[in-house]
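*Asks:* Just so it is clear, I am handing over structure_5.cif, which has mmCIF, N, CA, C and O atoms.
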data_protein
loop_
_atom_site.label_atom_id
_atom_site.label_comp_id
_atom_site.auth_asym_id
_atom_site.auth_seq_id
_atom_site.Cartn_x
_atom_site.Cartn_y
_atom_site.Cartn_z
N SER A 170 15.19 -111.34 8.18
CA SER A 170 15.46 -112.69 8.65
C SER A 170 14.59 -113.71 7.90
O SER A 170 14.03 -114.61 8.47
N MET A 171 14.50 -113.53 6.59
CA MET A 171 13.74 -114.46 5.75
C MET A 171 14.42 -115.83 5.76
O MET A 171 15.63 -115.92 5.76
N VAL A 172 13.63 -116.86 5.75
CA VAL A 172 14.14 -118.23 5.79
C VAL A 172 14.68 -118.63 4.43
O VAL A 172 15.75 -119.21 4.32
N ASN A 173 13.96 -118.30 3.38
CA ASN A 173 14.33 -118.70 2.03
C ASN A 173 14.87 -117.49 1.29
O ASN A 173 14.13 -116.58 0.96
N SER A 174 16.17 -117.48 0.99
CA SER A 174 16.80 -116.32 0.35
C SER A 174 16.38 -116.16 -1.11
O SER A 174 16.67 -115.14 -1.72
N ASN A 175 15.69 -117.15 -1.69
CA ASN A 175 15.24 -117.05 -3.07
C ASN A 175 13.97 -116.20 -3.20
O ASN A 175 13.60 -115.83 -4.30
N ILE A 176 13.30 -115.94 -2.10
CA ILE A 176 12.05 -115.18 -2.14
C ILE A 176 12.37 -113.70 -1.99
O ILE A 176 13.06 -113.29 -1.07
N LYS A 177 11.86 -112.92 -2.92
CA LYS A 177 12.01 -111.47 -2.88
C LYS A 177 10.82 -110.87 -2.15
O LYS A 177 9.74 -111.48 -2.08
N GLY A 178 10.98 -109.66 -1.63
CA GLY A 178 9.91 -108.98 -0.91
C GLY A 178 8.63 -108.89 -1.71
O GLY A 178 7.54 -109.14 -1.20
N LYS A 179 8.75 -108.54 -3.00
CA LYS A 179 7.55 -108.40 -3.83
C LYS A 179 6.83 -109.74 -4.00
O LYS A 179 5.61 -109.77 -4.17
N ASP A 180 7.57 -110.85 -3.93
CA ASP A 180 6.97 -112.18 -4.06
C ASP A 180 6.00 -112.47 -2.92
O ASP A 180 5.02 -113.19 -3.10
N LEU A 181 6.26 -111.89 -1.76
CA LEU A 181 5.41 -112.14 -0.60
C LEU A 181 4.02 -111.54 -0.76
O LEU A 181 3.09 -111.93 -0.06
N PHE A 182 3.87 -110.60 -1.68
CA PHE A 182 2.59 -109.95 -1.87
C PHE A 182 1.90 -110.40 -3.16
O PHE A 182 0.96 -109.78 -3.63
N ASP A 183 2.36 -111.50 -3.70
CA ASP A 183 1.75 -112.11 -4.87
C ASP A 183 0.81 -113.21 -4.37
O ASP A 183 1.13 -113.94 -3.44
N VAL A 184 -0.34 -113.33 -5.00
CA VAL A 184 -1.33 -114.32 -4.56
C VAL A 184 -0.76 -115.74 -4.62
O VAL A 184 -1.15 -116.60 -3.83
N ALA A 185 0.20 -115.99 -5.51
CA ALA A 185 0.80 -117.32 -5.60
C ALA A 185 1.50 -117.70 -4.30
O ALA A 185 1.61 -118.88 -3.97
N CYS A 186 1.96 -116.72 -3.55
CA CYS A 186 2.62 -116.97 -2.27
C CYS A 186 1.67 -117.65 -1.29
O CYS A 186 2.08 -118.48 -0.49
N MET A 187 0.39 -117.32 -1.37
CA MET A 187 -0.57 -117.87 -0.42
C MET A 187 -1.00 -119.30 -0.77
O MET A 187 -1.53 -120.00 0.07
N VAL A 188 -0.75 -119.73 -1.98
CA VAL A 188 -1.13 -121.07 -2.42
C VAL A 188 -0.18 -122.12 -1.86
O VAL A 188 -0.62 -123.19 -1.44
N ASN A 189 1.08 -121.80 -1.83
CA ASN A 189 2.10 -122.73 -1.37
C ASN A 189 2.25 -122.61 0.15
O ASN A 189 2.55 -121.55 0.67
N PRO A 190 2.07 -123.71 0.89
CA PRO A 190 2.16 -123.65 2.36
C PRO A 190 3.50 -123.14 2.88
O PRO A 190 3.54 -122.44 3.88
N SER A 191 4.60 -123.47 2.21
CA SER A 191 5.90 -123.02 2.72
C SER A 191 6.09 -121.52 2.51
O SER A 191 6.59 -120.83 3.40
N THR A 192 5.67 -120.98 1.37
CA THR A 192 5.80 -119.55 1.16
C THR A 192 4.76 -118.79 1.99
O THR A 192 5.03 -117.68 2.45
N ARG A 193 3.61 -119.38 2.20
CA ARG A 193 2.60 -118.76 3.06
C ARG A 193 3.15 -118.62 4.48
O ARG A 193 2.97 -117.60 5.14
N SER A 194 3.84 -119.64 4.94
CA SER A 194 4.45 -119.60 6.27
C SER A 194 5.49 -118.47 6.35
O SER A 194 5.55 -117.76 7.36
N ILE A 195 6.27 -118.31 5.30
CA ILE A 195 7.27 -117.23 5.26
C ILE A 195 6.56 -115.88 5.28
O ILE A 195 6.99 -114.96 5.97
N PHE A 196 5.46 -115.75 4.55
CA PHE A 196 4.69 -114.51 4.54
C PHE A 196 4.22 -114.18 5.95
O PHE A 196 4.35 -113.05 6.43
N TYR A 197 3.65 -115.16 6.65
CA TYR A 197 3.15 -114.92 8.00
C TYR A 197 4.28 -114.52 8.95
O TYR A 197 4.09 -113.66 9.81
N LYS A 198 5.43 -115.14 8.81
CA LYS A 198 6.59 -114.76 9.63
C LYS A 198 7.02 -113.33 9.33
O LYS A 198 7.33 -112.55 10.23
N PHE A 199 7.03 -112.98 8.05
CA PHE A 199 7.39 -111.62 7.63
C PHE A 199 6.42 -110.60 8.23
O PHE A 199 6.83 -109.59 8.80
N ILE A 200 5.12 -110.86 8.12
CA ILE A 200 4.11 -109.94 8.64
C ILE A 200 4.22 -109.82 10.15
O ILE A 200 4.09 -108.73 10.72
N ASP A 201 4.50 -110.92 10.82
CA ASP A 201 4.67 -110.90 12.27
C ASP A 201 5.86 -110.01 12.65
O ASP A 201 5.76 -109.19 13.57
N GLU A 202 6.97 -110.16 11.93
CA GLU A 202 8.15 -109.32 12.20
C GLU A 202 7.85 -107.86 11.90
O GLU A 202 8.25 -106.97 12.66
N LEU A 203 7.15 -107.60 10.80
CA LEU A 203 6.81 -106.23 10.43
C LEU A 203 5.92 -105.59 11.49
O LEU A 203 6.12 -104.44 11.89
N LYS A 204 4.94 -106.34 11.99
CA LYS A 204 4.05 -105.84 13.04
C LYS A 204 4.84 -105.54 14.30
O LYS A 204 4.62 -104.50 14.95
N SER A 205 5.76 -106.40 14.66
CA SER A 205 6.59 -106.17 15.86
C SER A 205 7.41 -104.90 15.71
O SER A 205 7.52 -104.11 16.66
N LEU A 206 7.99 -104.69 14.53
CA LEU A 206 8.77 -103.48 14.30
C LEU A 206 7.89 -102.23 14.36
O LEU A 206 8.28 -101.21 14.93
N ALA A 207 6.71 -102.30 13.78
CA ALA A 207 5.79 -101.16 13.80
C ALA A 207 5.36 -100.85 15.23
O ALA A 207 5.25 -99.68 15.61
N ASP A 208 5.14 -101.88 16.03
CA ASP A 208 4.74 -101.67 17.43
C ASP A 208 5.85 -101.01 18.25
O ASP A 208 5.57 -100.33 19.23
N GLN A 209 7.11 -101.19 17.84
CA GLN A 209 8.24 -100.62 18.56
C GLN A 209 8.64 -99.24 18.04
O GLN A 209 9.48 -98.58 18.64
N ALA A 210 8.02 -98.82 16.95
CA ALA A 210 8.39 -97.54 16.34
C ALA A 210 7.91 -96.37 17.20
O ALA A 210 6.97 -96.50 17.97
N PHE A 211 8.59 -95.25 17.06
CA PHE A 211 8.19 -94.05 17.78
C PHE A 211 8.31 -92.86 16.84
O PHE A 211 9.06 -92.90 15.87
N PRO A 212 7.57 -91.79 17.12
CA PRO A 212 7.60 -90.62 16.23
C PRO A 212 9.01 -90.04 16.11
O PRO A 212 9.77 -89.99 17.08
N THR A 213 9.32 -89.60 14.91
CA THR A 213 10.63 -89.02 14.61
C THR A 213 10.53 -87.50 14.60
O THR A 213 9.45 -86.92 14.78
N PHE A 214 11.65 -86.85 14.36
CA PHE A 214 11.67 -85.40 14.21
C PHE A 214 10.68 -84.97 13.13
O PHE A 214 9.96 -83.98 13.29
N THR A 215 10.63 -85.71 12.03
CA THR A 215 9.74 -85.37 10.92
C THR A 215 8.28 -85.44 11.35
O THR A 215 7.47 -84.56 11.00
N HIS A 216 7.90 -86.47 12.12
CA HIS A 216 6.54 -86.55 12.64
C HIS A 216 6.22 -85.32 13.49
O HIS A 216 5.17 -84.69 13.33
N ARG A 217 7.14 -84.97 14.39
CA ARG A 217 6.91 -83.83 15.26
C ARG A 217 6.83 -82.53 14.47
O ARG A 217 6.02 -81.65 14.77
N PHE A 218 7.64 -82.41 13.42
CA PHE A 218 7.60 -81.23 12.56
C PHE A 218 6.22 -81.08 11.91
O PHE A 218 5.61 -80.02 11.97
N PHE A 219 5.72 -82.16 11.31
CA PHE A 219 4.41 -82.10 10.66
C PHE A 219 3.30 -81.86 11.69
O PHE A 219 2.32 -81.16 11.41
N GLN A 220 3.44 -82.44 12.88
CA GLN A 220 2.45 -82.21 13.92
C GLN A 220 2.39 -80.72 14.28
O GLN A 220 1.31 -80.14 14.40
N GLN A 221 3.55 -80.10 14.44
CA GLN A 221 3.58 -78.67 14.77
C GLN A 221 3.03 -77.83 13.62
O GLN A 221 2.35 -76.82 13.85
N MET A 222 3.32 -78.22 12.39
CA MET A 222 2.77 -77.50 11.23
C MET A 222 1.24 -77.59 11.22
O MET A 222 0.56 -76.62 10.92
N ALA A 223 0.70 -78.76 11.57
CA ALA A 223 -0.76 -78.94 11.61
C ALA A 223 -1.37 -78.09 12.72
O ALA A 223 -2.38 -77.41 12.51
N ILE A 224 -0.77 -78.10 13.89
CA ILE A 224 -1.28 -77.34 15.03
C ILE A 224 -1.26 -75.84 14.73
O ILE A 224 -2.20 -75.12 15.07
N SER A 225 -0.20 -75.39 14.06
CA SER A 225 -0.08 -73.95 13.78
C SER A 225 -0.98 -73.50 12.63
O SER A 225 -1.08 -72.31 12.36
N GLY A 226 -1.62 -74.44 11.94
CA GLY A 226 -2.51 -74.10 10.84
C GLY A 226 -1.80 -73.98 9.50
O GLY A 226 -2.41 -73.60 8.50
N LYS A 227 -0.52 -74.29 9.45
CA LYS A 227 0.24 -74.19 8.20
C LYS A 227 0.15 -75.46 7.36
O LYS A 227 0.63 -75.49 6.24
N LEU A 228 -0.48 -76.47 7.89
CA LEU A 228 -0.64 -77.74 7.19
C LEU A 228 -2.12 -78.08 7.14
O LEU A 228 -2.77 -78.17 8.17
N THR A 229 -2.66 -78.20 5.94
CA THR A 229 -4.09 -78.49 5.82
C THR A 229 -4.38 -79.99 5.73
O THR A 229 -5.41 -80.45 6.19
N ARG A 230 -3.48 -80.75 5.11
CA ARG A 230 -3.63 -82.21 5.00
C ARG A 230 -2.26 -82.85 5.13
O ARG A 230 -1.25 -82.32 4.68
N TRP A 231 -2.26 -84.04 5.71
CA TRP A 231 -1.04 -84.81 5.89
C TRP A 231 -1.32 -86.20 5.35
O TRP A 231 -2.00 -87.00 5.97
N TYR A 232 -0.84 -86.47 4.14
CA TYR A 232 -1.05 -87.77 3.50
C TYR A 232 0.08 -88.70 3.89
O TYR A 232 1.24 -88.33 3.83
N SER A 233 -0.26 -89.91 4.26
CA SER A 233 0.75 -90.86 4.72
C SER A 233 0.46 -92.26 4.21
O SER A 233 -0.69 -92.70 4.15
N GLN A 234 1.52 -92.98 3.86
CA GLN A 234 1.44 -94.39 3.49
C GLN A 234 1.98 -95.27 4.60
O GLN A 234 2.06 -96.47 4.44
N ASN A 235 2.38 -94.69 5.70
CA ASN A 235 3.00 -95.45 6.77
C ASN A 235 2.01 -96.44 7.38
O ASN A 235 0.82 -96.16 7.50
N ILE A 236 2.53 -97.58 7.79
CA ILE A 236 1.68 -98.61 8.39
C ILE A 236 1.77 -98.59 9.91
O ILE A 236 1.08 -99.34 10.58
N ASP A 237 2.63 -97.74 10.45
CA ASP A 237 2.80 -97.70 11.89
C ASP A 237 1.82 -96.77 12.59
O ASP A 237 1.68 -96.79 13.80
N CYS A 238 1.12 -95.93 11.82
CA CYS A 238 0.11 -94.99 12.34
C CYS A 238 0.68 -94.03 13.37
O CYS A 238 -0.04 -93.54 14.25
N LEU A 239 1.96 -93.73 13.27
CA LEU A 239 2.57 -92.80 14.21
C LEU A 239 2.00 -91.39 14.08
O LEU A 239 2.05 -90.60 15.03
N GLU A 240 1.44 -91.09 12.92
CA GLU A 240 0.84 -89.78 12.72
C GLU A 240 -0.32 -89.55 13.69
O GLU A 240 -0.61 -88.43 14.07
N HIS A 241 -0.99 -90.63 14.07
CA HIS A 241 -2.13 -90.54 14.99
C HIS A 241 -1.72 -90.62 16.45
O HIS A 241 -2.57 -90.50 17.32
N GLN A 242 -0.45 -90.82 16.71
CA GLN A 242 0.01 -90.88 18.10
C GLN A 242 0.29 -89.47 18.61
O GLN A 242 1.38 -89.14 19.03
N HIS A 243 -0.71 -88.66 18.55
CA HIS A 243 -0.61 -87.29 19.03
C HIS A 243 -1.90 -86.97 19.75
O HIS A 243 -2.97 -87.36 19.30
N GLU A 244 -1.80 -86.26 20.83
CA GLU A 244 -2.98 -85.99 21.65
C GLU A 244 -3.91 -84.96 21.03
O GLU A 244 -5.09 -84.91 21.35
N ASP A 245 -3.40 -84.13 20.14
CA ASP A 245 -4.19 -83.04 19.56
C ASP A 245 -5.11 -83.57 18.46
O ASP A 245 -4.65 -84.14 17.47
N GLU A 246 -6.40 -83.37 18.61
CA GLU A 246 -7.38 -83.83 17.63
C GLU A 246 -7.21 -83.12 16.28
O GLU A 246 -7.53 -83.67 15.24
N ILE A 247 -6.71 -81.89 16.29
CA ILE A 247 -6.48 -81.15 15.04
C ILE A 247 -5.51 -81.92 14.17
O ILE A 247 -5.70 -82.06 12.96
N VAL A 248 -4.46 -82.44 14.78
CA VAL A 248 -3.46 -83.22 14.02
C VAL A 248 -4.13 -84.47 13.46
O VAL A 248 -4.00 -84.77 12.27
N LYS A 249 -4.87 -85.20 14.27
CA LYS A 249 -5.51 -86.44 13.83
C LYS A 249 -6.48 -86.20 12.69
O LYS A 249 -6.58 -87.01 11.77
N GLU A 250 -7.20 -85.08 12.73
CA GLU A 250 -8.18 -84.78 11.68
C GLU A 250 -7.52 -84.47 10.34
O GLU A 250 -8.14 -84.66 9.29
N LYS A 251 -6.29 -84.01 10.35
CA LYS A 251 -5.62 -83.60 9.10
C LYS A 251 -4.90 -84.76 8.43
O LYS A 251 -4.51 -84.66 7.28
N VAL A 252 -4.73 -85.87 9.13
CA VAL A 252 -4.01 -87.02 8.57
C VAL A 252 -4.95 -87.84 7.69
O VAL A 252 -6.05 -88.19 8.09
N VAL A 253 -4.48 -88.16 6.49
CA VAL A 253 -5.20 -89.03 5.57
C VAL A 253 -4.30 -90.24 5.30
O VAL A 253 -3.22 -90.09 4.73
N LEU A 254 -4.73 -91.42 5.75
CA LEU A 254 -3.95 -92.63 5.57
C LEU A 254 -4.25 -93.24 4.21
O LEU A 254 -5.41 -93.45 3.87
N LEU A 255 -3.21 -93.54 3.44
CA LEU A 255 -3.38 -94.03 2.08
C LEU A 255 -3.03 -95.51 1.93
O LEU A 255 -3.13 -96.04 0.84
N HIS A 256 -2.58 -96.14 2.97
CA HIS A 256 -2.22 -97.56 2.85
C HIS A 256 -3.45 -98.42 2.96
O HIS A 256 -4.50 -97.98 3.38
N GLY A 257 -3.30 -99.68 2.64
CA GLY A 257 -4.43 -100.60 2.80
C GLY A 257 -4.79 -101.16 1.51
O GLY A 257 -5.07 -102.15 1.11
#
Please, can you express the file's structure as structure tokens?

*Replies:*
Amino acid sequence: SMVNSNIKGKDLFDVACMVNPSTRSIFYKFIDELKSLADQAFPTFTHRFFQQMAISGKLTRWYSQNIDCLEHQHEDEIVKEKVVLLHG
């Protein structure tokens, strides 16, 4: 739901976007929407599969670029210890 159709996703992560007040506003709206979507996300079959692999000892590390941190939404500390977050 971007306001300006001339702006591409990659443009939002360019420092020039932060200089212009109108594009900065679009960036903030985008991040707000992204945060809302991440907050509504829930673990998928794939998350549960990797969690079971970690618990069973068949998975030594779980590398993730996800920004929703669903990998950490598991009660088992073994699973949490094996996850390595690569985003940021």

*Asks:* Which polymer residues have any atom within 12 Å of an atom of Ile247 (chain A), counting only C-alpha atoms, with same-chain residues fewer than 2 positions away left out, as a list of chain:residue names?

*Replies:*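 Those residues are A:Phe219, A:Gln220, A:Gln221, A:Met222, A:Ala223, A:Ile224, A:Ser225, A:Gly226, A:Lys227, A:Leu228, A:Thr229, A:Arg230, A:Trp231, A:Glu240, A:His241, A:His243, A:Glu244, A:Asp245, A:Lys249, A:Glu250, A:Lys251, A:Val252.
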
*Asks:* Excluding Ser233 (chain A) and residues on its chain fewer than 2 positions from it, collect all residues at most 7 Å away from it, counting only C-alpha atoms, and give them as a list in words.

*Replies:*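 Surrounding residues, per the criterion: Trp231, Asn235, Val253, Leu254 and Leu255 of chain A.
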
*Asks:* Using DSSP on the backbone, list every residue of chain A that comes out as strand (DSSP E), and give them as a list in words.

*Replies:*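 Assigned to strand (DSSP E), within chain A: Trp231, Tyr232, Ser233, Val252, Val253 and Leu254 of chain A.
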
*Asks:* Dump as CSV the rows for residues of region 195-255 of chain A within 8 Å of region 176-190 of chain A: closest atom pair and distance in Å with one decimal, only N, CA, C and O atoms counted, ordered by chain and rising residue number.

*Replies:*
residue,atom,partner,partner_atom,distance
A:Ile195,N,A:Pro190,O,5.2
A:Phe196,CA,A:Leu181,O,5.5
A:Tyr197,N,A:Leu181,O,7.5

*Asks:* Could you state the separation of CA of His256 (chain A) and atom C of Gln234 (chain A) in Å, given to one decimal place?

*Replies:*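 If I compute the distance from CA of His256 (chain A) to atom C of Gln234 (chain A), I get 5.1 Å.
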
*Asks:* Kindly give the distance, in Å, that separates CA of Asp201 (chain A) and CA of Asp237 (chain A), rounded to a single decimal.

*Replies:* 13.3 Å

*Asks:* Enter the distance from atom N of Ile200 (chain A) to atom O of Asn175 (chain A), in Å, rounded to one decimal.

*Replies:*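 Atom O of Asn175 (chain A) lies 15.8 Å from atom N of Ile200 (chain A).
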